Amino acid sequence: MRPPRPVVRLPGAAPNATAAPSVAAPSVAVPILGAVFFAVLAGAVLAGTAGCRAGDPAASPGPAAAGGRTNLLLVTVDTLRPDALGWIGGGGRTPEIDRLAAKGFRFPAAVAPVPLTLPSHTSLMTALVPPRHGVRDNGQVVGPASATLAEALAAAGYATAAFVSGFPLSAQFGLDRGFAAYDDRLTAGEGAWLERPADQTTRAAASWLAGAAEPWALWVHYYDPHFPYEPPRELVEPGPRGAYDGEVAAVDRALGELLRAAERRGGPLLTVFTADHGESLGEHGEGTHGFFVYDATVLVPLVVRLPGRVPPGESRAPARLVDVSPTVLELLGLPPLAAEAEVDGRSLVPLLAGAQSADGAPAPAYVETRQPWTSYGWAPLAGVRDARHKLISAPRPELYDLARDPGETDNLLAGDEGLGDEAARAARRLRGALREVEARPAVAAAPADDPETVARLAALGYVGGGGSPADEPPAGLADPKDRIALRETLTEADDLLRRDHPAEALALFERVLAAEPANRFALSRSGIALRRLGRTDRAVDRLRRAVAADPAQAETRAALAEALLAAGLAAEAADAWAEVVRLQPRRASAWSNLGTALGRAGRPADAVAAMERALELEPGSPDRLIRLAYAEHAAGSPADAARHLEEAAALAGDAFPHAGALGLILADLGRPAEARPWLAASRPAEPDHPAARYRLARLAAAAGDEPAARRALAEALRAAPGLRAEARRDPDLARFVD
């Protein structure tokens, strides 16, 4: 289809689109837009168009001289075990990473503060541990008070860009601050599993890099090694972890292309390579990550390369991810994020220079996971690790001598034999370090009550009040060590649900609920399984219980909202979506879905206001423009609807799936000359195609173009034979009916 105006394509626009509510001529056979729009659940109208935030990478400025300032390439790999790399674990699986490591300073056992994507990256970017920056789990939002590495670089005149590959780092969660371009276009999977393969991320980043002004700072995040492991077939390695290692090999291949693109730019370059956390792969009974804080999931590789400034070398010291930003800023000659006493990280430059004194050693590393609490209702874990020992605070505390017991299998605090002098001193030292971390004031809590969002919700009649991500767990909760079997059952069930086996998943969720009727994760995900099985009433009941158990979980509230809308409870669905946007203020799809629910609840003006906010969050998105247009039409503003559909068509080009709807609205507005090309461009897959062809026939007949009228009517009748009786009653068309 060629729209009757020049096409401006969005980078990455999808070649097709999903169905949206229909627009139609007044007819008993074809529904009218205003009557049916809000009957459709919120979802993508035009897939694949959202993604680049705070500026388009394709539109970045060209190269410019900058007096030889050092550029920055920061690479983070999700879920990367150190032993998956050749230079640490042996073998030749990662030649590109190995070459980079050989030329840089290597830390094979750096420490991540939390084995979860968003909290760990937030710590890397802010030099703060999770209790201080306030992001304790994926899905929360980075608070505005924590200064970030990107903000510091932008303030120093760097052209900044980020290319992330997994949903937990979507711009809506707040790590885009300071980046002039933030590309989070994800192309595969759904929901929490949404990601972008490494090769696609590299191509996007290299395109930006080719035209970036100097000095530039580029962060590239690869998600591939994250579960589920689905590498290209030719990269699957032998053995039980072969698919995981194949994912790492895919990242290695893509990283090689990225490094070559950076080298082609020339000039001084600081390269930092690391990971957000590891992967357990069955150690301690944990299949993936996030549940325990053993070294399998909190140790990560770290490589720093700056030719002429940082000599190649290696240190077994437990450098920390919170040390990365202070190190980068010192190497670039830039001011620190804050005074040393105000951040948790310390520059590693003394170690990079070969310092062997205690002053050059990293401070003890804080580690935590709140996932046992936030996801399941069990006790959270926190701990401290130094080069020799690790202490884990749990209902049954743990202490490990890492030099003697690197697998953390011999808990020195278990049993009655007591501690030796060295272990006792270590326990006292690490307990003191843990108390010190816990006593530091928080810099910022996750902004669940963003003032602008609260004001917008108040204008829609909502005052909020559903719990906060910062809610503290009570005493007496189950030790995660005693619940690992249940957790693995839940992981298996969730994977079945992801692979669209809701009945099998439901059976496993029910097994867990038989043992723990209030298990948060089982309640939430079983509710989604019930919804997919068409058991809507049971899904609503189950998801209401899940929300009551965990009011701060945005995804559970979103699932409840969808179930409520499917059950015809639009007003309650709107309430649930309002809480989602309170918890995740920049989630454009939630605002859009709130608009749909408000419309179905008989509040069209409020629906428009919610859709307008969704468009503000994703400006230039054809999807958001289309949904706003339908809301405006339902609210009695067809001129605004036509304008926004025209904007969407110009952006989407051949992918625009609502030519017929636009033509019908233009015809209703008395603009037949503009309407006819759009009506003619309507395709059979569009829900308004029969109505569009019928209206085209009437316009052609009125214009005296009988051949065009006959053709259009024949197409309308083939698509909707029920229109034949109406055509026979139509004085303009009756003569064309056989």
# chains A, B, ... in the order shown; residues from 1 in each chain; ligands from 1

call {"tool": "select_by_dssp", "arguments": {"residues": "region 454-564 of chain A", "states": "helix (DSSP H, G or I)", "output": "MDAnalysis selection string"}}
result
chainID A and resid 454:459 480:482 484:498 502:515 520:532 536:549 554:564

call {"tool": "write_last_selection", "arguments": {"atoms": "C-alpha atoms", "output": "compact mmCIF listing (two decimals), in the first residue's frame"}}
result
# COMPACT_ATOMS: atom_id res chain seq x y z
CA VAL A 454 0.31 11.08 41.09
CA ALA A 455 -1.08 14.36 39.74
CA ARG A 456 -2.21 12.75 36.50
CA LEU A 457 -3.86 9.88 38.34
CA ALA A 458 -5.55 12.31 40.71
CA ALA A 459 -7.00 14.12 37.68
CA PRO A 480 15.53 -19.95 51.18
CA LYS A 481 17.77 -22.99 51.72
CA ASP A 482 14.65 -24.85 52.85
CA ILE A 484 14.98 -24.43 46.92
CA ALA A 485 13.01 -27.44 45.67
CA LEU A 486 9.81 -25.39 45.54
CA ARG A 487 11.64 -22.59 43.79
CA GLU A 488 12.94 -24.93 41.10
CA THR A 489 9.44 -26.31 40.57
CA LEU A 490 8.20 -22.76 40.10
CA THR A 491 10.99 -22.05 37.62
CA GLU A 492 10.04 -25.15 35.64
CA ALA A 493 6.38 -24.13 35.68
CA ASP A 494 7.18 -20.61 34.54
CA ASP A 495 9.24 -21.95 31.66
CA LEU A 496 6.28 -24.11 30.59
CA LEU A 497 4.07 -21.03 30.69
CA ARG A 498 6.58 -19.10 28.61
CA PRO A 502 -0.46 -23.33 30.40
CA ALA A 503 -2.15 -26.57 31.47
CA GLU A 504 1.14 -28.27 32.36
CA ALA A 505 2.37 -25.10 34.05
CA LEU A 506 -0.84 -24.82 36.06
CA ALA A 507 -0.44 -28.35 37.40
CA LEU A 508 2.98 -27.48 38.82
CA PHE A 509 1.78 -24.18 40.26
CA GLU A 510 -1.08 -25.99 41.96
CA ARG A 511 1.39 -28.45 43.46
CA VAL A 512 3.29 -25.57 45.06
CA LEU A 513 0.08 -23.92 46.28
CA ALA A 514 -0.93 -27.17 47.94
CA ALA A 515 2.23 -26.85 50.05
CA ARG A 520 3.21 -15.04 45.78
CA PHE A 521 4.77 -16.32 42.58
CA ALA A 522 2.54 -19.39 42.35
CA LEU A 523 -0.59 -17.31 42.87
CA SER A 524 0.38 -14.76 40.23
CA ARG A 525 1.62 -17.08 37.53
CA SER A 526 -1.13 -19.65 38.04
CA GLY A 527 -3.60 -16.80 37.56
CA ILE A 528 -1.99 -16.04 34.22
CA ALA A 529 -2.14 -19.73 33.28
CA LEU A 530 -5.85 -19.83 34.15
CA ARG A 531 -6.43 -16.74 32.02
CA ARG A 532 -4.70 -18.35 29.05
CA THR A 536 -11.37 -16.10 33.45
CA ASP A 537 -13.41 -16.11 36.66
CA ARG A 538 -10.91 -18.37 38.42
CA ALA A 539 -8.05 -16.26 37.03
CA VAL A 540 -9.57 -13.09 38.51
CA ASP A 541 -9.98 -14.73 41.91
CA ARG A 542 -6.44 -16.12 41.88
CA LEU A 543 -4.88 -12.82 40.79
CA ARG A 544 -6.81 -10.88 43.41
CA ARG A 545 -5.26 -13.15 46.00
CA ALA A 546 -1.83 -12.58 44.45
CA VAL A 547 -2.22 -8.79 44.62
CA ALA A 548 -3.34 -9.02 48.24
CA ALA A 549 -0.21 -11.04 49.02
CA ALA A 554 3.37 -4.37 39.08
CA GLU A 555 3.29 -7.44 36.83
CA THR A 556 0.72 -9.13 39.06
CA ARG A 557 -1.49 -6.05 38.96
CA ALA A 558 -1.15 -5.94 35.17
CA ALA A 559 -2.20 -9.58 34.91
CA LEU A 560 -5.18 -8.87 37.15
CA ALA A 561 -6.14 -5.86 35.02
CA GLU A 562 -6.14 -7.98 31.86
CA ALA A 563 -8.26 -10.67 33.52
CA LEU A 564 -10.72 -8.10 34.86

call {"tool": "residues_around", "arguments": {"residues": "Pro474 (chain A)", "least_positions_apart": "6", "cutoff": "12 Å", "atoms": "only C-alpha atoms", "output": "number ranges by chain"}}
result
A: 373, 377-380, 395

call {"tool": "write_last_selection", "arguments": {"atoms": "N, CA and C atoms", "output": "PDB file, in the first residue's frame"}}
result
ATOM      1  N   TRP A 373      12.108 -12.892  48.972  1.00  0.00           N
ATOM      2  CA  TRP A 373      11.015 -12.166  49.613  1.00  0.00           C
ATOM      3  C   TRP A 373      10.044 -11.593  48.590  1.00  0.00           C
ATOM      4  N   GLY A 377       7.830 -14.624  49.087  1.00  0.00           N
ATOM      5  CA  GLY A 377       7.425 -14.425  50.470  1.00  0.00           C
ATOM      6  C   GLY A 377       8.324 -15.098  51.483  1.00  0.00           C
ATOM      7  N   TRP A 378       9.538 -15.460  51.090  1.00  0.00           N
ATOM      8  CA  TRP A 378      10.495 -16.087  51.994  1.00  0.00           C
ATOM      9  C   TRP A 378      11.523 -15.049  52.449  1.00  0.00           C
ATOM     10  N   ALA A 379      12.461 -15.446  53.262  1.00  0.00           N
ATOM     11  CA  ALA A 379      13.415 -14.500  53.836  1.00  0.00           C
ATOM     12  C   ALA A 379      14.398 -13.994  52.784  1.00  0.00           C
ATOM     13  N   PRO A 380      14.684 -12.701  52.774  1.00  0.00           N
ATOM     14  CA  PRO A 380      15.746 -12.188  51.906  1.00  0.00           C
ATOM     15  C   PRO A 380      17.109 -12.584  52.460  1.00  0.00           C
ATOM     16  N   PRO A 395      18.059 -16.796  57.986  1.00  0.00           N
ATOM     17  CA  PRO A 395      17.515 -17.403  59.209  1.00  0.00           C
ATOM     18  C   PRO A 395      18.475 -18.398  59.849  1.00  0.00           C
TER      19      PRO A 395
END

call {"tool": "residues_around", "arguments": {"residues": "Pro335 (chain A)", "least_positions_apart": "5", "cutoff": "10 Å", "atoms": "only C-alpha atoms", "output": "mmCIF file with C-alpha atoms, in the first residue's frame"}}
result
data_model
loop_
_atom_site.group_PDB
_atom_site.id
_atom_site.type_symbol
_atom_site.label_atom_id
_atom_site.label_comp_id
_atom_site.auth_asym_id
_atom_site.auth_seq_id
_atom_site.Cartn_x
_atom_site.Cartn_y
_atom_site.Cartn_z
ATOM 1 C CA ALA A 152 28.637 12.576 34.642
ATOM 2 C CA LEU A 153 29.868 11.772 31.143
ATOM 3 C CA ALA A 156 31.664 16.498 30.661
ATOM 4 C CA PRO A 326 34.735 5.634 40.119
ATOM 5 C CA LEU A 329 35.845 8.582 35.860
ATOM 6 C CA GLU A 330 39.355 8.681 37.302
#

call {"tool": "select_by_dssp", "arguments": {"residues": "region 341-556 of chain A", "states": "strand (DSSP E)", "output": "list of chain:residue names"}}
result
A:Ala365, A:Tyr366, A:Val367, A:Glu368, A:Thr369, A:Leu381, A:Ala382, A:Gly383, A:Val384, A:Arg385, A:His389, A:Lys390, A:Leu391, A:Ile392, A:Ser393, A:Glu398, A:Leu399, A:Tyr400, A:Asp401

call {"tool": "closest_residue", "arguments": {"among": "A:Leu662, A:Val343, A:Ala639, A:Ala171", "to": "Pro585 (chain A)", "atoms": "only C-alpha atoms"}}
result
A:Ala171

call {"tool": "residues_around", "arguments": {"residues": "region 136-140 of chain A", "least_positions_apart": "4", "cutoff": "10 Å", "atoms": "only C-alpha atoms", "output": "ChimeraX atom specification"}}
result
/A:114-120,122,129-132,167-170,172-174,192,290,368-371,374-375,445-448,468-470,552-555,583-584

call {"tool": "residues_around", "arguments": {"residues": "region 591-604 of chain A", "least_positions_apart": "3", "cutoff": "10 Å", "atoms": "only C-alpha atoms", "output": "PyMOL selection string"}}
result
chain A and resi 34-44+460+558+561-562+564-565+568-582+584-588+607-615+617+623-624+627-628+630-636

call {"tool": "atom_distance", "arguments": {"atom1": "CA of Phe227 (chain A)", "atom2": "CA of Thr288 (chain A)"}}
result
7.1 Å

call {"tool": "atom_distance", "arguments": {"atom1": "CA of Pro473 (chain A)", "atom2": "CA of Arg428 (chain A)"}}
result
24.9 Å

call {"tool": "atom_distance", "arguments": {"atom1": "CA of Pro684 (chain A)", "atom2": "CA of Asp500 (chain A)"}}
result
29.1 Å

call {"tool": "residues_around", "arguments": {"residues": "region 312-323 of chain A", "least_positions_apart": "4", "cutoff": "6 Å", "atoms": "only C-alpha atoms", "output": "ChimeraX atom specification"}}
result
/A:103-107,109-112,123-124,127,345-347,362,387

call {"tool": "write_last_selection", "arguments": {"atoms": "C-alpha atoms", "output": "mmCIF file, in the first residue's frame"}}
result
data_model
loop_
_atom_site.group_PDB
_atom_site.id
_atom_site.type_symbol
_atom_site.label_atom_id
_atom_site.label_comp_id
_atom_site.auth_asym_id
_atom_site.auth_seq_id
_atom_site.Cartn_x
_atom_site.Cartn_y
_atom_site.Cartn_z
ATOM 1 C CA LYS A 103 45.546 -6.738 26.407
ATOM 2 C CA GLY A 104 43.919 -5.362 29.569
ATOM 3 C CA PHE A 105 43.962 -5.646 33.320
ATOM 4 C CA ARG A 106 41.914 -8.615 34.442
ATOM 5 C CA PHE A 107 39.862 -9.388 37.529
ATOM 6 C CA ALA A 109 36.579 -12.821 40.355
ATOM 7 C CA ALA A 110 34.963 -9.408 40.704
ATOM 8 C CA VAL A 111 31.842 -9.236 42.862
ATOM 9 C CA ALA A 112 28.334 -8.181 41.819
ATOM 10 C CA SER A 123 24.918 -0.303 41.306
ATOM 11 C CA LEU A 124 27.466 -0.269 38.496
ATOM 12 C CA ALA A 127 28.592 3.287 42.697
ATOM 13 C CA GLY A 345 32.512 2.321 45.278
ATOM 14 C CA ARG A 346 36.222 3.140 45.212
ATOM 15 C CA SER A 347 38.505 3.635 42.246
ATOM 16 C CA PRO A 362 38.926 -3.318 47.449
ATOM 17 C CA ALA A 387 39.179 -12.178 49.588
#
